[in-house]
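Asks: Please find data06.txt (compact mmCIF, C-alpha atoms) on the next line:
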```txt
# COMPACT_ATOMS: atom_id res chain seq x y z
CA MET W 260 117.64 99.41 124.10
CA LYS W 261 115.80 100.18 127.31
CA SER W 262 118.01 100.04 130.39
CA LEU W 263 117.48 96.99 132.56
CA ASN W 264 117.61 99.27 135.59
CA ILE W 265 114.02 100.35 135.01
CA TYR W 266 112.48 96.89 135.22
CA ALA W 267 110.90 96.37 138.62
CA LEU W 268 110.16 92.89 139.91
CA ALA W 269 107.14 91.82 141.93
CA ASN W 270 107.45 88.78 144.17
CA GLU W 271 105.60 86.79 146.79
CA LEU W 272 107.24 85.99 150.12
CA ASN W 273 106.18 84.96 153.64
CA LEU W 274 104.37 87.79 155.40
CA GLY W 275 105.44 86.69 158.85
CA ASP W 276 103.20 88.26 161.52
CA PRO W 277 100.64 90.49 159.73
CA LYS W 278 99.07 91.57 163.02
CA SER W 279 102.24 93.26 164.25
CA GLY W 280 102.06 96.13 161.75
CA THR W 281 105.45 95.23 160.36
CA ILE W 282 106.65 93.37 157.31
CA ARG W 283 110.04 91.76 157.67
CA VAL W 284 112.05 91.15 154.49
CA PRO W 285 115.16 89.02 155.06
CA PHE W 286 118.35 89.63 153.12
CA GLY W 287 119.18 87.08 150.47
CA ARG W 288 119.53 86.19 146.83
CA TRP W 289 116.74 84.49 144.90
CA ASP W 290 116.13 83.35 141.34
CA PHE W 291 113.33 85.48 139.96
CA GLY W 292 113.10 83.61 136.66
CA ALA W 293 112.37 84.61 133.09
CA LYS W 294 110.96 88.01 132.21
CA LYS W 295 110.08 89.25 128.73
CA LEU W 296 111.34 92.78 128.15
CA ASP W 297 109.85 95.52 125.97
CA ASP W 298 112.52 94.98 123.30
CA GLY W 299 111.36 91.38 122.79
CA ARG W 300 114.18 89.66 124.65
CA THR W 301 113.51 87.20 127.44
CA VAL W 302 116.15 87.29 130.17
CA PHE W 303 116.60 85.43 133.46
CA PHE W 304 116.70 87.64 136.55
CA VAL W 305 118.38 86.89 139.84
CA GLN W 306 117.49 89.37 142.59
CA GLU W 307 119.46 90.23 145.68
CA LEU W 308 118.66 92.24 148.78
CA THR W 309 121.77 93.10 150.75
CA LYS W 310 122.20 95.24 153.82
CA ASP W 311 123.50 98.12 151.65
CA GLY W 312 120.49 97.84 149.32
CA ALA W 313 118.11 97.67 152.27
CA GLU W 314 119.67 100.80 153.78
CA ARG W 315 119.20 102.70 150.52
CA MET W 316 115.62 101.41 150.27
CA ALA W 317 114.86 102.45 153.87
CA ALA W 318 116.43 105.88 153.35
CA LYS W 319 114.20 106.53 150.32
CA ILE W 320 111.04 105.46 152.17
CA ASN W 321 111.82 107.53 155.26
CA ALA W 322 112.84 110.59 153.22
CA GLY W 323 109.60 110.45 151.22
CA VAL W 324 107.44 110.28 154.33
CA ALA W 325 109.45 113.16 155.88
CA ASP W 326 108.71 115.24 152.76
CA GLY W 327 104.96 114.73 153.22
CA GLU W 328 104.40 111.66 151.03
CA LYS W 329 101.94 109.00 152.20
CA GLY W 330 104.56 106.30 152.05
CA VAL W 331 104.69 103.03 150.11
CA PRO W 332 101.23 101.49 149.45
CA VAL W 333 100.19 98.00 150.49
CA TYR W 334 97.54 96.44 148.21
CA TRP W 335 95.44 93.32 147.98
CA GLY W 336 97.34 91.69 145.16
CA HIS W 337 99.24 93.63 142.50
CA PRO W 338 96.83 96.18 140.94
CA ASP W 339 99.81 98.44 140.10
CA VAL W 340 101.75 95.79 138.14
CA PRO W 341 100.66 96.21 134.48
CA GLU W 342 100.66 92.51 133.56
CA LEU W 343 98.81 91.50 136.73
CA ALA W 344 96.45 94.48 137.27
CA HIS W 345 93.52 92.75 135.53
CA LYS W 346 93.46 90.15 138.30
CA TYR W 347 93.00 92.77 141.02
CA PRO W 348 90.06 95.15 140.43
CA ASP W 349 90.40 96.73 143.89
CA LYS W 350 93.00 99.47 143.36
CA ARG W 351 92.74 100.97 146.85
CA ALA W 352 95.67 100.85 149.23
CA LYS W 353 94.98 98.81 152.37
CA GLY W 354 97.83 100.36 154.24
CA TRP W 355 100.88 102.60 153.92
CA ILE W 356 104.46 101.81 154.82
CA LYS W 357 105.41 104.83 156.92
CA SER W 358 108.82 103.79 158.14
CA ALA W 359 111.68 101.44 157.37
CA ALA W 360 114.58 100.18 159.44
CA VAL W 361 117.46 97.80 158.82
CA ASP W 362 118.25 94.95 161.22
CA ALA W 363 121.25 92.70 161.08
CA ASP W 364 119.56 90.30 158.69
CA ALA W 365 116.41 91.98 157.34
CA LEU W 366 114.60 95.11 156.22
CA VAL W 367 111.75 95.92 158.62
CA LEU W 368 108.83 97.91 157.21
CA GLY W 369 106.40 99.72 159.53
CA VAL W 370 102.84 99.63 158.16
CA GLU W 371 99.89 101.87 159.04
CA TRP W 372 96.78 99.87 158.11
CA LEU W 373 93.79 101.77 156.72
CA GLU W 374 91.24 99.08 157.44
CA GLU W 375 90.64 96.94 160.49
CA ASN W 376 91.79 93.38 159.89
CA ALA W 377 93.20 94.41 156.51
CA THR W 378 95.49 91.37 156.51
CA ASP W 379 92.82 88.84 157.37
CA GLY W 380 92.83 86.02 154.86
CA PHE W 381 96.41 86.74 153.78
CA GLY W 382 99.53 85.12 155.10
CA TRP W 383 102.03 86.22 152.48
CA PHE W 384 103.26 89.29 150.73
CA SER W 385 104.93 90.16 147.44
CA PRO W 386 107.29 93.16 147.25
CA TYR W 387 107.27 95.04 143.96
CA TRP W 388 110.77 96.47 143.83
CA GLY W 389 113.69 97.26 141.59
CA GLY W 390 117.24 98.48 141.27
CA PRO W 391 120.25 98.46 138.94
CA ALA W 392 121.08 95.26 137.06
CA THR W 393 124.42 93.59 136.39
CA ASP W 394 124.89 91.42 133.32
CA LEU W 395 125.95 87.94 134.48
CA GLY W 396 126.26 86.65 130.90
CA GLU W 397 124.27 84.05 128.93
CA GLY W 398 121.03 86.02 129.27
CA ARG W 399 121.18 86.30 133.07
CA TYR W 400 121.04 89.56 135.06
CA LEU W 401 121.44 90.27 138.76
CA LYS W 402 119.10 92.89 140.26
CA HIS W 403 120.62 94.85 143.15
CA LEU W 404 117.40 95.78 144.96
CA ASP W 405 117.38 99.28 146.46
CA SER W 406 113.89 100.75 145.82
CA LEU W 407 110.37 99.65 146.80
CA THR W 408 107.30 100.60 144.74
CA SER W 409 104.57 98.73 146.63
CA VAL W 410 103.80 95.58 148.59
CA ALA W 411 101.01 93.12 147.78
CA LEU W 412 99.16 90.86 150.22
CA ILE W 413 98.73 87.45 148.56
CA ASN W 414 97.97 83.82 149.22
CA ILE W 415 100.40 82.00 146.94
CA PRO W 416 103.24 81.14 149.32
CA ASN W 417 106.69 80.24 148.08
CA ILE W 418 109.28 80.68 150.78
CA GLN W 419 112.31 79.15 149.12
CA GLU W 420 112.22 81.17 145.89
CA PHE W 421 110.36 84.22 144.63
CA ARG W 422 107.35 83.69 142.41
CA LEU W 423 107.31 85.37 138.98
CA ALA W 424 105.21 88.50 138.75
CA ASN W 425 105.06 88.43 134.96
CA GLU W 426 103.54 84.96 134.67
CA LEU W 427 101.19 86.12 131.90
CA HIS W 428 104.21 86.79 129.68
CA GLY W 429 104.95 83.10 129.44
CA GLY W 430 107.87 82.89 131.86
CA LEU W 431 108.77 79.94 134.08
CA ASN W 432 107.15 79.82 137.50
CA ASN W 433 107.89 77.84 140.68
CA ASN W 434 104.88 77.10 142.83
CA GLU W 435 103.99 74.87 145.72
CA THR W 436 103.18 71.89 143.49
CA GLY W 437 106.47 71.99 141.60
CA ALA W 438 104.71 72.64 138.26
CA ILE W 439 105.68 75.07 135.59
CA ALA W 440 103.18 77.88 134.97
CA GLY W 441 102.96 79.60 131.60
CA GLU W 442 100.79 81.96 129.62
CA GLY W 443 97.27 82.38 130.96
CA GLU W 444 98.35 80.62 134.16
CA LYS W 445 98.10 77.25 132.43
CA LYS W 446 100.13 74.60 134.27
CA MET W 447 102.32 72.07 132.56
CA ASP W 448 103.61 68.89 134.17
CA ARG W 449 107.25 69.55 135.00
CA VAL W 450 108.31 65.95 134.37
CA LYS W 451 106.71 65.94 130.90
CA LEU W 452 108.38 69.27 130.07
CA ILE W 453 111.79 67.88 131.10
CA GLN W 454 111.19 64.78 128.97
CA ALA W 455 110.07 66.87 125.98
CA LEU W 456 113.25 68.93 126.22
CA GLY W 457 115.41 65.81 126.52
CA LEU W 458 116.81 66.81 129.92
CA PRO W 459 117.77 64.54 132.81
CA GLU W 460 115.31 64.05 135.66
CA THR W 461 117.55 66.14 137.92
CA ALA W 462 117.19 69.23 135.67
CA THR W 463 116.61 72.50 137.49
CA ASP W 464 114.38 75.37 136.36
CA GLU W 465 117.51 77.11 135.10
CA ASP W 466 118.33 74.01 133.00
CA ILE W 467 114.79 74.08 131.58
CA PHE W 468 115.03 77.78 130.79
CA ALA W 469 118.44 77.29 129.14
CA ALA W 470 117.07 74.42 127.02
CA ILE W 471 114.10 76.51 125.90
CA GLU W 472 116.40 79.39 124.97
CA LYS W 473 118.68 76.97 123.10
CA ASN W 474 115.72 75.62 121.12
CA LYS W 475 114.55 79.15 120.38
CA ALA W 476 118.05 80.07 119.17
CA ALA W 477 118.19 76.93 116.98
CA ALA W 478 114.79 77.75 115.48
CA ALA W 479 115.88 81.34 114.84
CA ASP W 480 119.10 80.10 113.21
CA ALA W 481 117.15 77.69 111.00
CA ALA W 482 114.77 80.47 109.99
CA THR W 483 117.74 82.71 109.16
CA LYS W 484 119.36 80.01 107.02
CA GLN W 485 116.07 79.34 105.21
CA ALA W 486 115.62 83.05 104.53
CA ALA W 487 119.20 83.23 103.22
CA ALA W 488 118.63 80.21 100.95
CA GLU W 489 115.41 81.72 99.58
CA ALA W 490 117.18 85.03 98.99
CA GLU W 491 120.03 83.21 97.20
CA LYS W 492 117.52 81.34 95.03
CA ALA W 493 115.71 84.57 94.17
CA GLN W 494 119.03 86.22 93.30
CA ALA W 495 119.95 83.29 91.04
CA GLU W 496 116.59 83.56 89.25
CA THR W 497 117.10 87.29 88.79
CA GLU W 498 120.59 86.79 87.39
CA LYS W 499 119.27 84.07 85.07
CA ASP W 500 116.55 86.37 83.74
CA GLU W 501 119.04 89.20 83.31
CA ALA W 502 121.41 86.88 81.40
CA LYS W 503 118.59 85.75 79.12
CA ALA W 504 117.59 89.34 78.45
CA GLU W 505 121.21 90.31 77.78
CA LEU W 506 121.62 87.40 75.37
CA ALA W 507 118.40 88.33 73.56
CA ASN W 508 119.54 91.94 73.25
CA GLU W 509 122.96 90.86 71.97
CA ARG W 510 121.39 88.53 69.42
CA ALA W 511 119.01 91.27 68.25
CA ALA W 512 121.97 93.62 67.81
CA ARG W 513 123.88 90.97 65.83
CA CYS W 514 120.83 90.34 63.64
CA GLY W 515 120.52 94.04 62.94
CA LEU W 516 124.21 94.29 62.13
CA LEU W 517 124.09 91.33 59.70
CA LEU W 518 120.99 92.71 57.99
CA ASP W 519 122.51 96.21 57.70
CA GLN W 520 125.66 94.73 56.21
CA ALA W 521 123.72 92.50 53.81
CA ILE W 522 121.69 95.49 52.59
CA ALA W 523 124.83 97.60 52.26
CA GLU W 524 126.51 94.87 50.19
CA GLY W 525 123.41 94.48 48.01
CA ARG W 526 122.77 90.86 48.99
CA ILE W 527 119.23 91.59 50.20
CA SER W 528 116.82 94.43 49.55
CA VAL W 529 115.34 96.78 52.12
CA ALA W 530 111.93 95.28 51.37
CA GLY W 531 113.24 91.81 52.08
CA ARG W 532 114.66 92.78 55.48
CA PRO W 533 111.58 91.79 57.61
CA ALA W 534 111.54 88.28 56.18
CA TRP W 535 115.24 87.78 56.87
CA GLU W 536 114.85 89.30 60.33
CA LYS W 537 112.17 86.71 61.17
CA ARG W 538 114.32 83.92 59.78
CA LEU W 539 117.26 84.97 61.94
CA LYS W 540 115.04 85.26 64.99
CA ASP W 541 113.59 81.77 64.49
CA ASP W 542 116.96 80.06 63.85
CA PHE W 543 119.93 82.36 64.10
CA ALA W 544 122.60 79.76 63.28
CA ALA W 545 120.98 78.52 60.07
CA GLY W 546 119.68 81.95 59.07
CA SER W 547 123.05 83.69 59.44
CA VAL W 548 124.74 81.04 57.26
CA ALA W 549 122.05 81.40 54.61
CA LEU W 550 122.32 85.19 54.72
CA ALA W 551 126.10 85.04 54.30
CA ASN W 552 125.68 82.84 51.23
CA GLU W 553 123.25 85.21 49.52
CA LYS W 554 124.62 86.58 46.25
CA PRO W 555 124.42 90.31 45.45
CA LEU W 556 121.15 91.34 43.83
CA LYS W 557 121.24 92.60 40.25
CA THR W 558 119.59 95.97 40.52
CA ALA W 559 119.66 99.02 38.37
CA SER W 560 121.79 100.83 40.88
CA ALA W 561 124.22 97.94 40.97
CA VAL W 562 124.48 97.95 37.13
CA THR W 563 125.02 101.67 36.85
CA GLN W 564 127.53 101.75 39.68
CA THR W 565 130.98 100.77 38.52
CA PRO W 566 133.08 98.26 40.44
CA ALA W 567 135.49 101.05 41.19
CA ALA W 568 132.71 103.13 42.83
CA GLN W 569 131.55 100.14 44.84
CA ALA W 570 135.05 99.55 46.08
CA LYS W 571 135.47 103.13 47.16
CA VAL W 572 133.42 102.75 50.34
CA ASP W 573 133.95 99.74 52.67
CA LEU W 574 131.42 100.26 55.45
CA VAL W 575 132.87 97.48 57.62
CA ALA W 576 136.38 98.87 57.40
CA LEU W 577 135.13 102.39 58.16
CA ALA W 578 133.20 101.10 61.17
CA ASN W 579 136.26 99.31 62.52
CA GLU W 580 138.37 102.39 61.98
CA ARG W 581 135.86 104.53 63.88
CA MET W 582 135.86 102.07 66.80
CA GLN W 583 139.67 102.20 66.95
CA LYS W 584 139.53 105.96 67.28
CA ASN W 585 136.72 105.80 69.86
CA PRO W 586 137.10 102.60 72.02
CA SER W 587 133.87 103.33 73.91
CA LEU W 588 131.84 103.08 70.68
CA THR W 589 130.07 99.75 69.97
CA TYR W 590 130.19 98.16 66.54
CA PRO W 591 126.46 98.57 65.79
CA ALA W 592 126.69 102.26 66.65
CA ALA W 593 129.84 102.73 64.56
CA PHE W 594 128.31 100.91 61.59
CA ALA W 595 125.10 102.94 61.82
CA ALA W 596 127.08 106.18 61.89
CA VAL W 597 129.11 105.16 58.84
CA MET W 598 125.96 104.21 56.91
CA LYS W 599 124.45 107.58 57.75
CA GLU W 600 127.54 109.32 56.38
CA HIS W 601 127.45 107.27 53.16
CA PRO W 602 123.82 107.06 52.02
CA GLU W 603 124.98 106.38 48.51
CA VAL W 604 126.00 102.87 49.52
CA LYS W 605 122.88 100.70 49.43
```
Would you mind writing the file's structure down as structure tokens?
Replies:
Amino acid sequence: MKSLNIYALANELNLGDPKSGTIRVPFGRWDFGAKKLDDGRTVFFVQELTKDGAERMAAKINAGVADGEKGVPVYWGHPDVPELAHKYPDKRAKGWIKSAAVDADALVLGVEWLEENATDGFGWFSPYWGGPATDLGEGRYLKHLDSLTSVALINIPNIQEFRLANELHGGLNNNETGAIAGEGEKKMDRVKLIQALGLPETATDEDIFAAIEKNKAAAADAATKQAAAEAEKAQAETEKDEAKAELANERAARCGLLLDQAIAEGRISVAGRPAWEKRLKDDFAAGSVALANEKPLKTASAVTQTPAAQAKVDLVALANERMQKNPSLTYPAAFAAVMKEHPEVK
């Protein structure tokens, strides 16, 4: 699983006085909203800029500039945010943050603008930043902001809460109209969404997000149960087929045993075996009774063989005796072995 520390968040916040060459970022904690991660999960981020985080952020910016780096870029929009880059074809920096300082209540960024009136037409900015995340439980994570990747000049103000940067991933989005924005920046009436989810009118965005996640979990659970039921049904069908095959094999073995015994006892001839085999296959119960009632055939071999000679070899008894000596041996195998040893018995 990819560490949550690597996920940077882009936001939109009041620019303040763009003509002053500074961007002032107040300390605070804001709901960022839902963000879909690379592993498929959707989590809810809360982001926090504290004085400690701002000091670390400022130290990184100042150290980079001291080492010869240009600084942190300021763009028109978010051309460096993968899911938003298509909206901003101009990839050029409009300014560079060359210095950073920490006041009692805010991070102050010093900007060197590359173009005259670079901020004209913009009254807001969106920091694209990141930091380590703490698991708050129930799919919520707190971002401790301490690094700044870039800043975007924008015109979608939202002072109270930060706007989602990954709106194209289908997350929830607060905007000035109070609507919910989703995939492809389509807007859905917030009241209708609350009604569809069965929530009270006072439901917050967090309540909406929780309800959506609950519905997703319920759907996933139902899909899991359906898959389990289908697997159980398939297993039952397999076991049924295996039982039928086992029964057929057992019946075939019993038929062969009865026919071998009948031939050995002279009740049927070898030539008559196929006909009896078909009869047993068509109706085993009736055929086995009829086969048992067959009288010994009067053949030349039977006439010439004395009763004493016939009594000498009892194939059934020999087969049973062999099975007693070798418990792993089946009856058909034992009987076949005995017949092979006594070919004179037909």
Asks: Near range 465-467 of chain W, counting only C-alpha atoms, which residues have an atom at most 12 Å away, once you skip same-chain residues fewer than 4 positions from it, shown as a PyMOL selection string?
Replies: chain W and resi 290-293+302-305+397-399+430-433+439+449-461+471-474
Asks: Figure out the distance between CA of Leu407 in chain W and CA of Met316 in chain W, please, to one decimal in Å.
Replies: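 The value is 6.5 Å.
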Asks: Produce the centre coordinates and the three edge lengths, each in Å to one decimal, of the box along x, y and z that contains all listed atoms of range 404-407 of chain W with 4 Å added on each side, as JSON.
Replies:
```
{"center_x": 113.9, "center_y": 98.3, "center_z": 145.9, "size_x": 15.0, "size_y": 13.0, "size_z": 9.8}
```
Asks: Of the residues W:Asp298, W:Asp519, W:Glu553, W:Glu314, which is the one nearest to Met598 in chain W, using all atoms listed in the file?
Replies: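 Closest to Met598 in chain W of all the choices is W:Asp519.
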Asks: So which one's closest to Leu401 in chain W, W:Ser547, W:Gln306, W:Gln485, W:Asn508? Using all atoms listed in the file, please.
Replies: W:Gln306
Asks: In Å, rounded to a single decimal, give me how far CA of Leu518 in chain W is from CA of Phe543 in chain W.
Replies: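 Pair CA of Phe543 in chain W / CA of Leu518 in chain W returns 12.1 Å.
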Asks: Name all residues at most 10 Å from Leu366 in chain W (count all atoms listed in the file; drop same-chain ones fewer than 2 positions away) and give them as a list in words.
Replies: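 Returned residues: Ile282, Arg283, Val284, Pro285, Phe286, Leu308, Thr309, Lys310, Gly312, Ala313, Glu314, Met316, Ala317, Ala359, Ala360, Val361, Asp362, Ala363, Asp364, Leu368 and Gly369 of chain W.
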